[in-house]
Amino acid sequence: MESSLYSNRGGSPEFLPQHRQQRQQLLQIVSAAEARGQLRVVEMNQQALGNLDRIIASLEDDEAPDGAEVPDAG
């Protein structure tokens, strides 16, 4: 089973808690790397954060206000 954040797996709102947890971990990594002057580590993880933010935003958009999934239009 593939565990990549960027695969189609995890493309449903049920995975939002895991994505949010991963985002918090990446923020901690970036903060620590900045403090140590590890610019390449910061750069790589900021790119991953951007990707993860897009995934999270997309999944949040797929949720209805009551937390239920929005049915597909097609």
# chains A, B, ... in the order shown; residues from 1 in each chain; ligands from 1
>>> residues_around(residues="Gln21 in chain A", least_positions_apart="4", cutoff="12 Å", atoms="only C-alpha atoms", output="ChimeraX atom specification")
/A:15-17,25-28,49,52-53,56
>>> atom_distance(atom1="CA of Ala33 in chain A", atom2="CA of Ala57 in chain A")
25.3 Å
>>> atom_distance(atom1="CA of Ile55 in chain A", atom2="CA of Glu14 in chain A")
12.5 Å
>>> atom_distance(atom1="CA of Asp62 in chain A", atom2="CA of Gln47 in chain A")
23.1 Å
